[in-house]
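Encoded as structure tokens, the structure appears first; notes follow it.
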Amino acid sequence: MERPARLLLLSELRVRNAAYDVSLCRSLLTWKRRASSPVYHPFRPSVSHAVSVAEIISVREEEEEKSGGRRRDDGSWRKIQEGEGEGEGPDCRQAFTVSYVERGRQHRWRCAQVTFTCPTEASCQRWVAGIRELLAANASRPRRLLVYINPYGGKKQGKRIYEQKVAPLFARAGVSTHVIVTEYANHARDHLRTEAELKQFDGVVCVGGDGMFSEIIHGLIWRTQVDGSVDPGCPDETLSPCSLRVGIIPAGSTDCICFATVGTNDPVTSALHIIVGDSQAMDVCSIHHNNTFLRYSVSLLGYGFYGDVLTDSERKRWMGPARYDLSGLKMFLTHHYYEGTVSYLPARGILGTPRDGARCRSGCVVCQHNGQLLSEKAERYETEKQSDDESDGEWRTIRGKFLAINAASMSCACPRSPKGLSPAAHLADGTTDLILVRKCSRFNFLRHLLRHTSKDDQFDLTFVEVHRVRRFRFTPRHCQSDSDLELDLRENNKGQIFSQICTDHPACGCAPAYSSWNCDGEILTHTAIDVRVHCQLIKLFARGIEEPTVFEDLSNPCAI
């Protein structure tokens with residue numbers, strides 16, 4: 001049987017002219033209305049409230065009496081009548097206001113407030129000091145943050161969003177910031193790599209979209225490896241995890257990372273997760289070409305359809321976010337397929353499969369179990385001087401014609417695709433879901449795309465297969481050996497005399513030889529790649545998507 005939490009403070013205070021029993025322990029602040037009548041009122045609003053101390057934003061002391069006016073218990077102000085405020089007698093009362101997290105619909109958070117009126121000034125100061133002491137003792141809450149703002153991303157609202165919605169919350173919570181407005185592409189990445197004094201900060205925050213977040217992690221991961229004498233350019237190197245957490249204030253065209261880690265792209269919600277010091281581990285994929293480092297990826301790697309959409313949309317940036325719709329339609333009608341070879345290393349001995357019903361949520365058991373399993377394996381590899389490839393089994397190879405090859409390290413959910421490309425993908429289990437869409441008719445491919453917006457099984461189609469992997473490699477047909485290429489030409493060029501001459505001319509009915517990789521919204525310069533998943537390499541100021549059952553009733557009469 002659990003012992004009840006020891007009370008630190010217990011008083012009778014007033015809220016809006018009503019008496020409440022207010023108690024404080026190390027984990028909860030609770031206030032319960034005193035019953036004015038023994039008669040039961042079934043339709044009376046809830047009169048008992050509890051707030052986790054970890055989700056208190058701030059507490060401030062404010063005098064009940066001020067020169068020129070007096071605040072009523074109902075929260076309004078009235079003019080002091082002549083002689084009414086003379087002197088400070090024994091009934092001169094004090095008040096303090098607690099700001100805390102209140103949950104709303106669709107995973108949104110907001111900052112609510114409740115003001116308690118104390119009978120004496122000493123009582124008020126005791127309450128304020130008690131709450132502040134608990135907040136100061138919470139080591140996970142950031143005190144100083146390095147903030148990068150992208151003023152050009154999305155609808156160019158990043159600076160306004162930060163100044164109007166986020167900065168006031170940071171100031172209220174006592175979080176100091178050093179703000180840098182980026183001036184050019186990769187400004188934040190370069191600054192983190194070389195100039196930033198990271199030891200002065202408790203975290204790094206980016207205000208922008210997924211592209212801005214990608215800049216931050218590229219700079220932070222690279223800096224961490226260099227400081228730890230780890231070679232980030234070697235594909236077989238085990239990377240060191242980053243100690244600083246990363247926060248994302250969504251202000252871009254797509255906010256896939258926020259949807260996967262918080263459940264919404266609301267700036268206030270993300271700011272509150274940063275303030276309370278949440279922490280969510282996340283896997284990162286390193287991408288190499290011929291032992292040369294290219295990029296890191298945290299969400300989607302897409303070859304074929306999604307690579308073509310991104311490449312085409314780059315020529316239409318003047319259209320804004322609408323360019324993705326037009327390019328998507330164009331690429332669907334073009335219907336290009338690409339030949340190549342996919343080799344992958346299956347994830348063995350882990351919980352979960354790409355087609356199970358489990359979703360990655362706050363406190364995910366799959367991520368905890370698989371993360372611990374991979375950590376133990378890594379220690380064993382280090383002791384036995386054995387590589388991942390040797391210990392995790394044989395590679396498997398698939399060769400064919402593909403409309404799309406996707407690797408989803410998270411669900412990739414967004415407003416356009418509420419379930420995402422791989423609904424059962426996990427944020428921190430050390431794997432990625434490799435999705436292969438083979439050549440099929442336009443109608444069947446449309447069926448596949450429409451399932452991203454429905455509740456149907458994404459992968460219950462004969463031309464779609466999915467594998468949960470720890471590493472994979474892709475080699476396009478034009479990069480294979482001469483003997484393989486010659487064999488393919490003999491088999492496929494019968495009756496297609498001009499197929500190798502006009503590969504770049506769709507009008508003649510020939511498909512291009514190769515596509516591009518869409519790496520978290522950026523185009524890769526190489527098609528033949530080697531991708532490795534690094535388990536829980538970074539941490540975000542987030543806690544994963546909470547189940548709806550934990551949301552509390554919104555009928556809180558104390559919220560202002």
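Ordered as shown in the structure tokens, chains take letters A, B, and onward, while each chain numbers its residues from 1 and ligands are numbered from 1 in the order shown.
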
Next item on the list: Please provide as a list in words all residues within 6 Å of stretch 532-538 of chain A, with the sequence filter that same-chain residues fewer than 6 positions apart are discarded (counting only C-alpha atoms).
Entry: Pro241, Cys242, Ala281, Met282, Asp283, Val284, Cys285, Ser286, Ala428, Gly430, Arg470 and Arg471 of chain A

Just to be explicit: take each residue in the selection above, keep all heavy atoms, and write the result as a compact mmCIF listing (two decimals), in the first residue's frame.
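Listed below is the output, again-v5.txt:
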# COMPACT_ATOMS: atom_id res chain seq x y z
N PRO A 241 25.35 10.30 -28.05
CA PRO A 241 24.09 11.05 -27.93
C PRO A 241 24.34 12.48 -27.48
O PRO A 241 25.28 12.77 -26.74
CB PRO A 241 23.30 10.25 -26.88
CG PRO A 241 24.33 9.49 -26.12
CD PRO A 241 25.45 9.21 -27.07
N CYS A 242 23.47 13.39 -27.93
CA CYS A 242 23.58 14.80 -27.58
C CYS A 242 23.03 15.04 -26.18
O CYS A 242 21.98 14.49 -25.82
CB CYS A 242 22.83 15.66 -28.58
SG CYS A 242 23.40 15.47 -30.29
N ALA A 281 13.20 11.11 -26.15
CA ALA A 281 14.31 10.65 -26.99
C ALA A 281 13.83 10.42 -28.42
O ALA A 281 12.65 10.14 -28.66
CB ALA A 281 14.91 9.37 -26.42
N MET A 282 14.76 10.51 -29.36
CA MET A 282 14.41 10.31 -30.78
C MET A 282 15.58 9.68 -31.53
O MET A 282 16.74 10.03 -31.30
CB MET A 282 14.05 11.65 -31.41
CG MET A 282 13.69 11.55 -32.89
SD MET A 282 13.27 13.15 -33.60
CE MET A 282 11.68 13.42 -32.84
N ASP A 283 15.24 8.74 -32.41
CA ASP A 283 16.25 8.13 -33.27
C ASP A 283 16.65 9.08 -34.39
O ASP A 283 15.87 9.93 -34.81
CB ASP A 283 15.71 6.84 -33.90
CG ASP A 283 15.35 5.79 -32.86
OD1 ASP A 283 15.94 5.82 -31.77
OD2 ASP A 283 14.48 4.94 -33.14
N VAL A 284 17.87 8.90 -34.88
CA VAL A 284 18.36 9.68 -36.01
C VAL A 284 19.04 8.72 -36.98
O VAL A 284 19.81 7.85 -36.57
CB VAL A 284 19.37 10.76 -35.56
CG1 VAL A 284 19.93 11.50 -36.77
CG2 VAL A 284 18.71 11.74 -34.60
N CYS A 285 18.76 8.88 -38.27
CA CYS A 285 19.40 8.08 -39.31
C CYS A 285 20.57 8.87 -39.91
O CYS A 285 20.41 10.03 -40.28
CB CYS A 285 18.42 7.72 -40.42
SG CYS A 285 17.09 6.62 -39.92
N SER A 286 21.72 8.22 -40.02
CA SER A 286 22.85 8.83 -40.74
C SER A 286 22.86 8.26 -42.16
O SER A 286 22.62 7.08 -42.37
CB SER A 286 24.16 8.54 -40.03
OG SER A 286 24.42 7.15 -39.98
N ALA A 428 11.71 6.18 -30.84
CA ALA A 428 12.99 5.92 -30.18
C ALA A 428 13.24 4.43 -29.95
O ALA A 428 13.73 4.04 -28.89
CB ALA A 428 13.03 6.68 -28.85
N GLY A 430 15.11 2.55 -32.18
CA GLY A 430 16.31 2.15 -32.89
C GLY A 430 16.08 1.52 -34.24
O GLY A 430 16.97 0.85 -34.77
N ARG A 470 17.18 -1.98 -39.14
CA ARG A 470 18.15 -1.16 -38.42
C ARG A 470 19.10 -0.45 -39.37
O ARG A 470 19.72 0.54 -39.01
CB ARG A 470 18.96 -2.04 -37.46
CG ARG A 470 18.15 -2.60 -36.29
CD ARG A 470 19.05 -3.27 -35.29
NE ARG A 470 20.09 -2.34 -34.83
CZ ARG A 470 21.24 -2.74 -34.32
NH1 ARG A 470 21.54 -4.02 -34.23
NH2 ARG A 470 22.13 -1.84 -33.91
N ARG A 471 19.17 -0.98 -40.59
CA ARG A 471 20.06 -0.39 -41.58
C ARG A 471 19.62 -0.84 -42.96
O ARG A 471 19.10 -1.95 -43.12
CB ARG A 471 21.51 -0.82 -41.30
CG ARG A 471 22.58 -0.09 -42.11
CD ARG A 471 23.96 -0.41 -41.55
NE ARG A 471 25.03 0.29 -42.27
CZ ARG A 471 26.30 0.30 -41.92
NH1 ARG A 471 26.69 -0.39 -40.84
NH2 ARG A 471 27.21 0.96 -42.62

Margin query: Taking the DSSP secondary structure from the backbone, can you list the residues of stretch 65-268 of chain A that are strand (DSSP E), as number ranges by chain?
Written below: A: 65-66, 69-71, 77-78, 94-103, 109-118, 144-149, 176-181, 203-208, 245-250

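Relative to atom CA of A:Glu546, atom CA of A:His49 is found at 20.1 Å.
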
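Nearest to A:Ala347 of all the residues A:Thr432, A:Asn518, A:Ser375, A:Thr254 is A:Thr432, counting only C-alpha atoms.
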
Note to self: I'd like to know which of A:Ile287, A:Leu146, A:Ala95, A:Val175 is closest to A:His218, using only C-alpha atoms.
What the structure shows: A:Ile287

Once you count only C-alpha atoms, what closest atom pair and distance in Å to one decimal does each residue of stretch 230-292 of chain A within 9 Å of stretch 348-368 of chain A have, with rows by chain and rising residue number, as a tab-separated table?
residue	atom	partner	partner_atom	distance
A:Ala260	CA	A:Cys360	CA	8.7
A:Thr261	CA	A:Arg361	CA	8.5
A:Gln280	CA	A:Ser362	CA	8.5
A:Ala281	CA	A:Cys367	CA	9.0

Margin query: Under the rule that only C-alpha atoms are counted, which of A:Ala171, A:Thr238, A:Ile274, A:Ser515 is the nearest residue to A:Gly340?
Written below: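 When distances to A:Gly340 are compared using only C-alpha atoms, the smallest one comes from A:Ser515.
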
Checklist line | atom CA of A:Asp520 to atom CA of A:Ile249, straight-line distance in Å | finding: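 Interatomic distance here is 17.1 Å.
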